[in-house]
$ cat structure23.txt   # compact mmCIF, C-alpha atoms and all ligand atoms
# COMPACT_ATOMS: atom_id res chain seq x y z
CA MET B 1 44.80 -1.83 118.01
CA SER B 2 43.07 1.56 118.66
CA SER B 3 45.10 4.57 119.72
CA THR B 4 43.41 4.56 123.15
CA THR B 5 44.37 0.95 123.74
CA ARG B 6 47.90 1.69 122.60
CA ILE B 7 48.25 4.62 125.01
CA GLY B 8 46.80 2.47 127.77
CA LEU B 9 49.40 -0.18 127.03
CA VAL B 10 52.22 2.37 127.09
CA LEU B 11 51.00 3.70 130.45
CA PHE B 12 50.67 0.17 131.77
CA LEU B 13 54.22 -0.68 130.69
CA SER B 14 55.69 2.51 132.11
CA SER B 15 53.96 1.90 135.43
CA ILE B 16 55.64 -1.50 135.57
CA LEU B 17 58.98 0.19 134.96
CA LEU B 18 58.30 2.75 137.69
CA LEU B 19 57.23 0.10 140.17
CA ALA B 20 60.18 -2.13 139.44
CA PRO B 21 62.95 -1.94 142.06
CA PRO B 22 66.01 0.03 140.99
CA ALA B 23 68.31 -2.10 138.85
CA GLN B 24 71.06 -3.68 140.91
CA SER B 25 74.42 -2.11 140.24
CA GLY B 26 75.92 -5.54 140.89
CA ALA B 27 78.93 -3.98 142.58
CA GLY B 28 79.96 -4.42 146.19
CA THR B 29 82.69 -5.68 148.43
CA VAL B 30 83.35 -8.85 150.37
CA THR B 31 84.96 -8.12 153.73
CA ILE B 32 87.50 -10.72 154.81
CA ALA B 33 87.51 -11.63 158.50
CA GLY B 34 90.02 -13.85 160.26
CA ASN B 35 92.74 -13.67 157.60
CA ASP B 36 95.54 -13.32 160.14
CA ALA B 37 97.90 -15.40 158.01
CA THR B 38 98.47 -12.55 155.59
CA PRO B 39 99.19 -9.42 157.62
CA GLY B 40 98.77 -6.19 155.74
CA ALA B 41 96.70 -7.76 152.97
CA ALA B 42 93.61 -5.99 151.73
CA ALA B 43 90.65 -6.77 153.94
CA VAL B 44 88.08 -6.51 151.18
CA LEU B 45 87.54 -8.06 147.76
CA ASN B 46 85.70 -6.10 145.11
CA LEU B 47 82.63 -7.87 143.83
CA SER B 48 81.09 -6.98 140.49
CA ASP B 49 78.11 -8.83 139.02
CA GLY B 50 78.79 -11.74 141.32
CA ARG B 51 82.39 -12.05 140.16
CA LEU B 52 85.71 -11.45 141.88
CA ILE B 53 89.01 -10.44 140.33
CA LEU B 54 91.23 -13.47 140.84
CA ASP B 55 94.31 -11.34 141.37
CA ASP B 56 92.68 -9.69 144.41
CA ILE B 57 92.24 -13.13 145.96
CA VAL B 58 95.82 -14.06 145.09
CA LYS B 59 97.11 -10.94 146.84
CA ALA B 60 94.82 -11.21 149.85
CA PHE B 61 96.02 -14.74 150.57
CA SER B 62 99.61 -14.49 149.28
CA LEU B 63 99.09 -17.28 146.75
CA ARG B 64 101.71 -18.22 144.19
CA THR B 65 100.55 -18.47 140.60
CA SER B 66 101.85 -20.11 137.48
CA MET B 67 100.30 -19.81 134.04
CA ASP B 68 101.14 -21.95 131.04
CA LEU B 69 102.72 -20.40 127.97
CA LEU B 70 99.45 -20.21 126.09
CA GLY B 71 97.69 -18.45 128.92
CA GLU B 72 94.94 -21.01 129.19
CA ARG B 73 95.80 -22.82 132.38
CA LEU B 74 96.50 -21.30 135.77
CA ASP B 75 97.82 -23.02 138.86
CA LEU B 76 97.36 -21.44 142.27
CA VAL B 77 99.48 -22.60 145.18
CA GLY B 78 98.92 -21.70 148.82
CA ASP B 79 99.84 -23.07 152.24
CA GLY B 80 97.12 -25.71 152.09
CA GLY B 81 97.63 -27.03 148.57
CA SER B 82 97.14 -26.15 144.94
CA CYS B 83 94.42 -25.94 142.35
CA ARG B 84 94.30 -25.71 138.59
CA LEU B 85 91.92 -23.44 136.70
CA LEU B 86 91.29 -23.48 132.97
CA LEU B 87 90.21 -20.48 130.97
CA ASP B 88 86.55 -20.70 129.90
CA SER B 89 86.00 -23.75 132.09
CA PRO B 90 83.94 -23.92 135.28
CA LEU B 91 85.98 -26.93 136.40
CA VAL B 92 88.72 -26.56 138.98
CA LEU B 93 91.07 -29.44 139.72
CA SER B 94 92.46 -29.88 143.22
CA ARG B 95 93.61 -32.89 145.23
CA GLY B 96 92.71 -35.07 142.24
CA LEU B 97 89.07 -34.02 142.32
CA PHE B 98 86.97 -31.41 140.57
CA ALA B 99 84.91 -28.52 141.80
CA VAL B 100 82.30 -27.15 139.41
CA LEU B 101 81.90 -23.39 139.74
CA THR B 102 78.65 -21.63 138.86
CA SER B 103 80.39 -19.96 135.91
CA PRO B 104 83.74 -20.33 134.12
CA LEU B 105 87.07 -18.66 134.72
CA ASP B 106 86.82 -15.61 132.52
CA THR B 107 88.76 -12.52 131.54
CA VAL B 108 87.66 -9.00 132.44
CA GLY B 109 89.93 -6.57 130.64
CA ASN B 110 93.40 -7.79 131.53
CA SER B 111 92.31 -9.63 134.65
CA LEU B 112 90.91 -13.05 135.31
CA SER B 113 87.67 -13.30 137.22
CA VAL B 114 85.94 -16.09 139.11
CA PRO B 115 82.40 -16.44 140.45
CA LEU B 116 81.76 -15.85 144.14
CA ASP B 117 81.49 -19.56 144.94
CA PHE B 118 85.21 -19.91 144.22
CA LEU B 119 85.73 -18.64 147.77
CA THR B 120 83.87 -21.52 149.40
CA LYS B 121 84.37 -24.29 146.85
CA VAL B 122 88.07 -23.95 146.01
CA LEU B 123 89.90 -21.46 148.21
CA PRO B 124 89.80 -23.65 151.37
CA ALA B 125 91.78 -26.36 149.54
CA VAL B 126 94.44 -23.84 148.54
CA ILE B 127 94.84 -21.89 151.79
CA GLY B 128 94.15 -24.89 154.03
CA ARG B 129 91.58 -22.93 156.01
CA ALA B 130 87.81 -23.13 156.09
CA VAL B 131 85.93 -20.29 154.41
CA SER B 132 82.36 -19.34 155.14
CA LEU B 133 80.32 -16.68 153.42
CA LYS B 134 77.60 -14.65 155.05
CA GLY B 135 75.47 -13.25 152.27
CA GLU B 136 77.61 -11.69 149.61
CA ASP B 137 79.56 -9.30 151.75
CA LEU B 138 81.27 -11.09 154.63
CA MET B 139 83.77 -13.88 154.31
CA THR B 140 85.17 -15.55 157.42
CA VAL B 141 88.42 -17.50 157.30
CA GLY B 142 88.99 -20.33 159.77
CA PRO B 143 92.24 -21.44 161.43
CA PRO B 144 94.94 -23.41 159.57
CA GLY B 145 94.17 -27.07 158.98
CA THR B 146 90.43 -26.57 158.57
CA GLY B 147 90.35 -26.21 154.78
CA SER B 148 88.45 -29.07 153.21
CA PHE B 149 87.62 -29.73 149.60
CA ASN B 150 84.41 -31.38 148.48
CA GLY B 151 85.49 -32.22 144.97
CA ILE B 152 83.98 -34.87 142.77
CA PRO B 153 85.88 -37.57 140.88
CA ILE B 154 86.14 -37.34 137.11
CA GLU B 155 83.83 -40.29 136.52
CA ASP B 156 81.01 -38.48 138.31
CA LEU B 157 81.30 -35.33 136.23
CA PRO B 158 78.67 -34.80 133.57
CA ARG B 159 80.16 -35.77 130.23
CA HIS B 160 81.59 -32.78 128.39
CA ALA B 161 81.14 -30.67 131.49
CA SER B 162 84.21 -28.75 130.48
CA PHE B 163 82.85 -27.79 127.11
CA ILE B 164 81.70 -24.21 127.06
CA GLU B 165 79.96 -23.68 123.77
CA ARG B 166 80.50 -20.27 122.29
CA ASP B 167 77.61 -18.58 120.56
CA HIS B 168 79.41 -18.32 117.25
CA SER B 169 80.65 -21.88 117.19
CA ARG B 170 78.93 -24.73 115.45
CA PRO B 171 77.89 -27.58 117.70
CA PRO B 172 80.62 -30.19 117.90
CA ALA B 173 80.34 -32.98 115.40
CA VAL B 174 79.78 -36.45 116.77
CA THR B 175 82.10 -38.95 115.17
CA GLU B 176 80.36 -42.16 114.25
CA LYS B 177 82.11 -45.44 114.79
CA ASN B 178 84.43 -45.76 111.90
CA ILE B 179 83.99 -48.85 109.79
CA ARG B 180 85.16 -47.60 106.42
CA GLY B 181 88.63 -46.45 107.24
CA LEU B 182 90.00 -42.96 107.52
CA ARG B 183 88.28 -40.23 105.56
CA VAL B 184 89.47 -37.06 107.25
CA VAL B 185 92.71 -36.63 109.18
CA VAL B 186 93.54 -33.43 111.01
CA LEU B 187 97.25 -32.73 111.39
CA ASP B 188 98.27 -30.28 114.06
CA PRO B 189 101.70 -28.66 113.82
CA GLY B 190 102.40 -27.53 117.39
CA HIS B 191 102.78 -23.90 118.45
CA GLY B 192 103.02 -21.06 115.89
CA GLY B 193 103.09 -17.28 116.02
CA ARG B 194 104.01 -16.00 119.46
CA SER B 195 104.39 -19.58 120.69
CA SER B 196 107.74 -20.77 119.32
CA GLY B 197 107.79 -24.03 121.23
CA ALA B 198 111.20 -25.49 121.99
CA ILE B 199 114.26 -23.74 120.59
CA GLY B 200 117.52 -25.54 119.86
CA LYS B 201 121.07 -24.38 120.57
CA ALA B 202 121.54 -23.59 116.89
CA GLY B 203 118.31 -21.62 116.89
CA THR B 204 115.95 -24.19 115.37
CA LYS B 205 112.39 -23.36 116.30
CA GLU B 206 109.97 -26.16 117.01
CA LYS B 207 107.07 -24.28 115.39
CA ALA B 208 108.84 -24.09 112.01
CA LEU B 209 110.21 -27.61 112.12
CA VAL B 210 106.91 -29.32 112.90
CA LEU B 211 105.06 -27.34 110.23
CA SER B 212 107.55 -28.53 107.65
CA VAL B 213 107.09 -32.19 108.69
CA VAL B 214 103.31 -31.87 108.74
CA GLU B 215 103.22 -30.33 105.25
CA LYS B 216 105.16 -33.32 103.90
CA LEU B 217 102.86 -35.77 105.68
CA LYS B 218 99.79 -33.99 104.31
CA ILE B 219 100.94 -34.48 100.72
CA MET B 220 101.68 -38.18 101.34
CA LEU B 221 98.27 -38.84 102.90
CA GLU B 222 96.44 -36.97 100.13
CA ASP B 223 98.40 -38.38 97.22
CA ASP B 224 98.90 -41.97 98.36
CA MET B 225 95.72 -42.60 100.34
CA GLY B 226 93.26 -40.06 98.98
CA ILE B 227 92.47 -38.91 102.48
CA LYS B 228 91.19 -35.42 103.15
CA VAL B 229 93.79 -33.69 105.30
CA VAL B 230 93.11 -30.52 107.26
CA LEU B 231 95.89 -28.60 109.00
CA THR B 232 95.20 -26.65 112.16
CA ARG B 233 97.61 -24.02 110.85
CA SER B 234 99.36 -23.70 107.51
CA ALA B 235 101.79 -20.90 108.32
CA ASP B 236 103.45 -19.23 111.28
CA TYR B 237 100.52 -17.91 113.27
CA PHE B 238 99.11 -18.56 116.70
CA VAL B 239 96.28 -21.05 117.13
CA GLY B 240 94.80 -21.72 120.56
CA LEU B 241 94.67 -25.26 121.86
CA LYS B 242 90.88 -25.23 121.93
CA GLU B 243 90.75 -24.06 118.33
CA ARG B 244 92.96 -26.95 117.27
CA THR B 245 90.65 -29.64 118.56
CA ALA B 246 87.62 -27.62 117.45
CA ILE B 247 89.01 -27.72 113.90
CA ALA B 248 89.24 -31.50 114.19
CA ASN B 249 85.74 -31.84 115.66
CA ASN B 250 84.14 -29.51 113.13
CA ASN B 251 85.78 -31.33 110.24
CA ARG B 252 84.54 -34.64 111.64
CA ALA B 253 88.07 -35.92 111.62
CA ASP B 254 88.68 -39.63 112.07
CA LEU B 255 92.13 -39.03 113.49
CA PHE B 256 93.96 -36.12 115.11
CA VAL B 257 97.75 -36.08 115.04
CA SER B 258 99.59 -33.32 116.87
CA VAL B 259 103.27 -33.03 115.96
CA HIS B 260 105.84 -31.52 118.31
CA ALA B 261 109.57 -31.54 118.96
CA ASN B 262 110.81 -32.11 122.45
CA ALA B 263 113.02 -30.22 124.88
CA ALA B 264 114.99 -31.28 127.93
CA PHE B 265 117.32 -29.53 130.30
CA ARG B 266 120.06 -32.07 129.71
CA GLU B 267 121.47 -31.88 126.22
CA ARG B 268 122.10 -35.61 125.98
CA VAL B 269 118.42 -36.53 126.29
CA ASN B 270 117.28 -37.71 122.87
CA GLY B 271 114.83 -39.91 121.00
CA CYS B 272 111.24 -39.93 119.88
CA GLU B 273 108.07 -40.69 121.78
CA THR B 274 104.33 -40.77 121.23
CA TYR B 275 101.70 -39.67 123.70
CA TYR B 276 98.07 -40.35 124.13
CA LEU B 277 95.73 -39.41 126.88
CA SER B 278 95.83 -40.49 130.44
CA PHE B 279 94.21 -39.07 133.47
CA SER B 280 96.40 -38.99 136.48
CA ALA B 281 95.56 -35.93 138.47
CA SER B 282 97.93 -36.57 141.33
CA ASP B 283 100.91 -36.94 139.01
CA LEU B 284 99.84 -33.86 137.14
CA GLU B 285 99.56 -31.80 140.26
CA ALA B 286 102.81 -33.13 141.61
CA SER B 287 104.71 -32.29 138.45
CA GLN B 288 103.14 -28.88 138.11
CA LEU B 289 103.79 -28.15 141.72
CA ALA B 290 107.43 -29.09 141.24
CA GLN B 291 107.62 -26.65 138.35
CA VAL B 292 106.10 -23.88 140.42
CA GLU B 293 108.56 -24.56 143.21
CA ASN B 294 111.54 -24.64 140.87
CA ARG B 295 110.50 -21.39 139.31
CA ALA B 296 110.35 -19.83 142.74
CA LEU B 297 113.99 -20.89 143.15
CA GLY B 298 114.84 -19.20 139.88
CA ILE B 299 115.10 -22.47 137.98
CA ASP B 300 112.72 -22.60 135.08
CA GLY B 301 110.80 -25.81 134.72
CA ASN B 302 111.20 -29.24 136.20
CA LEU B 303 114.51 -30.44 137.57
CA LYS B 304 113.75 -34.07 136.87
CA GLU B 305 115.62 -35.56 133.96
CA GLY B 306 113.41 -35.94 130.94
CA PRO B 307 111.27 -33.86 128.66
CA ILE B 308 109.52 -30.74 129.76
CA LEU B 309 105.90 -31.69 129.80
CA GLU B 310 104.06 -30.01 126.99
CA ALA B 311 101.06 -27.95 127.92
CA ILE B 312 98.77 -30.57 126.50
CA LEU B 313 95.13 -29.98 127.05
CA TRP B 314 92.75 -32.80 126.39
CA ASP B 315 89.08 -33.11 126.96
CA MET B 316 87.31 -35.84 128.81
CA ALA B 317 85.65 -36.67 125.50
CA GLN B 318 88.99 -38.12 124.48
CA MET B 319 88.63 -40.73 127.22
CA SER B 320 86.13 -42.65 125.10
CA PHE B 321 88.70 -43.05 122.33
CA ILE B 322 91.52 -44.07 124.61
CA ASN B 323 91.81 -47.59 123.19
CA GLU B 324 91.98 -46.46 119.58
CA SER B 325 94.34 -43.64 120.46
CA GLY B 326 96.61 -46.17 122.13
CA GLN B 327 96.56 -48.38 119.05
CA VAL B 328 97.46 -45.46 116.77
CA ALA B 329 100.17 -44.39 119.20
CA SER B 330 101.84 -47.80 119.30
CA ARG B 331 101.90 -48.04 115.49
CA VAL B 332 103.32 -44.54 115.14
CA GLN B 333 105.96 -45.09 117.79
CA LYS B 334 107.06 -48.42 116.32
CA SER B 335 107.29 -46.95 112.85
CA MET B 336 109.26 -43.87 113.93
CA ALA B 337 111.66 -45.79 116.14
CA SER B 338 112.51 -48.29 113.42
CA SER B 339 112.92 -45.86 110.55
CA LEU B 340 114.64 -42.99 112.35
CA ASN B 341 117.30 -44.99 114.20
CA VAL B 342 116.90 -42.93 117.32
CA ARG B 343 116.31 -43.87 120.92
CA ASN B 344 112.85 -45.34 121.31
CA ARG B 345 111.36 -43.56 124.30
CA GLY B 346 108.17 -45.49 123.83
CA VAL B 347 104.48 -44.79 123.98
CA ARG B 348 103.60 -42.63 126.93
CA GLN B 349 100.37 -41.48 128.39
CA ALA B 350 100.26 -37.74 128.70
CA PRO B 351 98.96 -35.92 131.73
CA LEU B 352 95.50 -34.60 131.19
CA ALA B 353 94.16 -31.17 131.84
CA VAL B 354 90.49 -31.02 131.14
CA LEU B 355 89.42 -28.78 128.29
CA VAL B 356 87.73 -28.86 124.97
CA GLY B 357 89.28 -31.79 123.20
CA ALA B 358 89.27 -34.18 120.36
CA ARG B 359 86.25 -36.38 119.81
CA MET B 360 88.21 -38.91 117.80
CA PRO B 361 91.36 -40.97 118.32
CA ALA B 362 94.14 -38.48 119.00
CA ILE B 363 97.86 -38.69 119.56
CA LEU B 364 100.74 -36.32 120.12
CA VAL B 365 104.07 -37.16 118.53
CA GLU B 366 107.41 -35.84 119.78
CA ILE B 367 109.63 -36.32 116.75
CA GLY B 368 112.93 -35.70 118.54
CA PHE B 369 114.80 -33.50 120.98
CA ILE B 370 115.59 -30.10 119.57
CA THR B 371 117.76 -29.52 122.65
CA ASN B 372 120.06 -32.40 121.67
CA PRO B 373 122.69 -30.87 119.32
CA ALA B 374 123.01 -33.98 117.13
CA GLU B 375 119.27 -34.38 116.87
CA GLU B 376 118.83 -30.70 116.11
CA ILE B 377 121.13 -31.05 113.10
CA ASN B 378 119.15 -34.07 111.89
CA LEU B 379 115.78 -32.44 112.44
CA ASN B 380 116.84 -29.52 110.28
CA ARG B 381 117.62 -31.77 107.31
CA ASP B 382 114.96 -31.94 104.65
CA THR B 383 115.67 -35.63 104.02
CA TYR B 384 115.29 -36.42 107.72
CA GLN B 385 112.01 -34.51 107.88
CA THR B 386 110.78 -36.56 104.92
CA ARG B 387 111.75 -39.74 106.78
CA ILE B 388 109.75 -38.64 109.80
CA ALA B 389 106.75 -37.85 107.61
CA ARG B 390 107.10 -41.22 105.87
CA ALA B 391 107.27 -43.04 109.21
CA LEU B 392 104.10 -41.29 110.35
CA PHE B 393 102.45 -42.03 107.02
CA ASP B 394 103.31 -45.75 107.22
CA ALA B 395 101.82 -45.99 110.69
CA ILE B 396 98.64 -44.16 109.70
CA ALA B 397 98.28 -46.35 106.60
CA ASP B 398 98.72 -49.46 108.76
CA TYR B 399 96.10 -48.21 111.20
CA ASN B 400 93.77 -47.52 108.28
CA ARG B 401 94.15 -51.08 107.01
CA ALA B 402 93.38 -52.40 110.49
CA LEU B 403 90.29 -50.17 110.64
CA ILE B 404 89.00 -51.44 107.31
CA ARG B 405 89.58 -55.04 108.37
CA GLY B 406 87.73 -54.39 111.61
CA GLU B 407 90.81 -55.16 113.67
CA VAL B 408 90.79 -52.00 115.76
CA ARG B 409 89.42 -52.56 119.23
CA THR B 410 86.95 -49.91 120.27
CA ASP B 411 85.87 -51.46 123.55
CA GLY B 412 86.52 -48.22 125.36
CA GLN B 413 83.36 -46.74 123.87
ZN ZN X 501 105.68 -28.55 121.44

$ encode --input "structure23.txt" --output "C-alpha cells"
Amino acid sequence: MSSTTRIGLVLFLSSILLLAPPAQSGAGTVTIAGNDATPGAAAVLNLSDGRLILDDIVKAFSLRTSMDLLGERLDLVGDGGSCRLLLDSPLVLSRGLFAVLTSPLDTVGNSLSVPLDFLTKVLPAVIGRAVSLKGEDLMTVGPPGTGSFNGIPIEDLPRHASFIERDHSRPPAVTEKNIRGLRVVVLDPGHGGRSSGAIGKAGTKEKALVLSVVEKLKIMLEDDMGIKVVLTRSADYFVGLKERTAIANNNRADLFVSVHANAAFRERVNGCETYYLSFSASDLEASQLAQVENRALGIDGNLKEGPILEAILWDMAQMSFINESGQVASRVQKSMASSLNVRNRGVRQAPLAVLVGARMPAILVEIGFITNPAEEINLNRDTYQTRIARALFDAIADYNRALIRGEVRTDGQ
C-alpha cells in the first residue's frame, strides 16, 4: 500500500467517525405514570444501557423480596402475585409459567439489574396491574386487576434455555447413553465455606458432616469398584450450585450424588430421605410464598411440619434423566433405610428451580435430621458416618450392576 493510499484510507475512516452520530450514553429515565397504589414512591426509574436496577422497581411498587441463602434465587411478591428470578438466567417463573427476558438477571456492583422488558413481561403479574411502555421513557400502570402474564409452559421452552454459557467455560459435555456401567461419579458434599447448611443443637454443622461422609464414600467407590470419583469440594470452602453441576458435566459424570443433612423446626422430626427432580411450579411458588409470608411475621421459614426445603436448583436438562434418577433414588433410599435403622421418609421429588443442572442421573440424599438431638449424636459418630457411606455405596453398586445388565429403564430420554 502506497503512503498516499494509506493517508486516503485514514482520512476516509476519520470522516466516517465524524459523520457517525454521537455514541449513545445509554442512560435515561423511565417515568412512571398511574402508580397511585404506592404513594410517595419515586416516579422515575433510572435506565442505563437498557437495564433497570431491580431494587428501584421493588421500591417503586412496594414489593417484598426474598433471596435464598446462596444469593442465586430471588422471589418478588406484590399485590398481584409473585415471581422467581434466577441469577444469570433470562427465565422468570410466575403463575407456573415462564417469561423469557431479552437478557439475564445480572449484578451491577452490589445491585441486581433486569432488562427493560421486565416491566411489561413480568411486573404486571406481580403488581396485578397492566403495564405499558411508550418508547423507553414512559411507563403507564393500569388499575388493579388488569395485570396479565403471558408466560409459556416449560415444555415449550427451548431446551437448555436457562443455560447461560460463560466465555471461560468449556461447552457442557453430552453424556452418552451408558451401557458399560459407571465410569465417573461426582459426589457433592452440600454447602461449604460461608454456607454452613443446617446446624444442630450441639453445634454440628451440616457442611462438615456431609464432607466427612462423602470422603468415606469416595474411598469405597474407588477402592472397591475402580470408579473415578470427583468431589465438588474437598475442604471447607464455598462452591456455587451452578459450579457443582458444571463440575459433573465437565467431568462427563455418569452419576451425580449430592449429600445433605436435614433440618426441621420440630426437634422430633427424624429419618432419611432421597430426592430427585420434579417440576411442580405451583407447589414451589406456594411453598416459597409461605416462607416469604412467615418471614414477614418474624418467623423464619415454613411453618408446616417437615424439612425446610433445600435451595435445590436443577436444570431442565435433568428432566431427560428423570427415570434413571428415580431408579438410583429408590435404591439409595432402600439401602439407607434398611442399614441405618431410622425412619424411612421415602423417595421424594424435589421442587425444581430452573438453572444450570446435571446432564446425568442425579439425586440428593438427606442422610438424617441434624435438628433431631438423637440423630445429631449418631451423625457425629465416625462409625455411623461409615454406615451411611456403606449404604450409599451398596446402592450405587447395585445400580451399576443393573446398568451393566441393561436393566435400567431410560425411556425418559
Ligand atoms: Zn443442605

$ closest_residue --input "structure23.txt" --among "B:Val259, B:Ile53, B:Ile127, B:Leu217" --to "ligand ZN 501 (chain X)" --atoms "only C-alpha atoms and all ligand atoms"
B:Val259

$ atom_distance --input "structure23.txt" --atom1 "CA of Pro124 (chain B)" --atom2 "CA of Val141 (chain B)"
8.7 Å

$ residues_around --input "structure23.txt" --residues "Leu379 (chain B)" --least-positions-apart "3" --cutoff "10 Å" --atoms "all atoms listed in the file" --output "count of residues only"
20

$ residues_near_ligand --input "structure23.txt" --ligand "ligand ZN 501 (chain X)" --cutoff "12 Å" --atoms "all atoms listed in the file" --output "MDAnalysis selection string"
chainID B and resid 69:70 188:192 195:199 205:211 241 258:264 307:312 364:370

$ residues_around --input "structure23.txt" --residues "Ala130 (chain B)" --least-positions-apart "6" --cutoff "8 Å" --atoms "only C-alpha atoms" --output "VMD selection string"
chain B and resid 120 124 141 to 144 146 to 148

$ axis_aligned_box --input "structure23.txt" --around "region 97-104 of chain B" --padding-each-side "5 Å" --output "JSON"
{"center_x": 83.9, "center_y": -27.0, "center_z": 138.2, "size_x": 20.4, "size_y": 24.1, "size_z": 18.2}
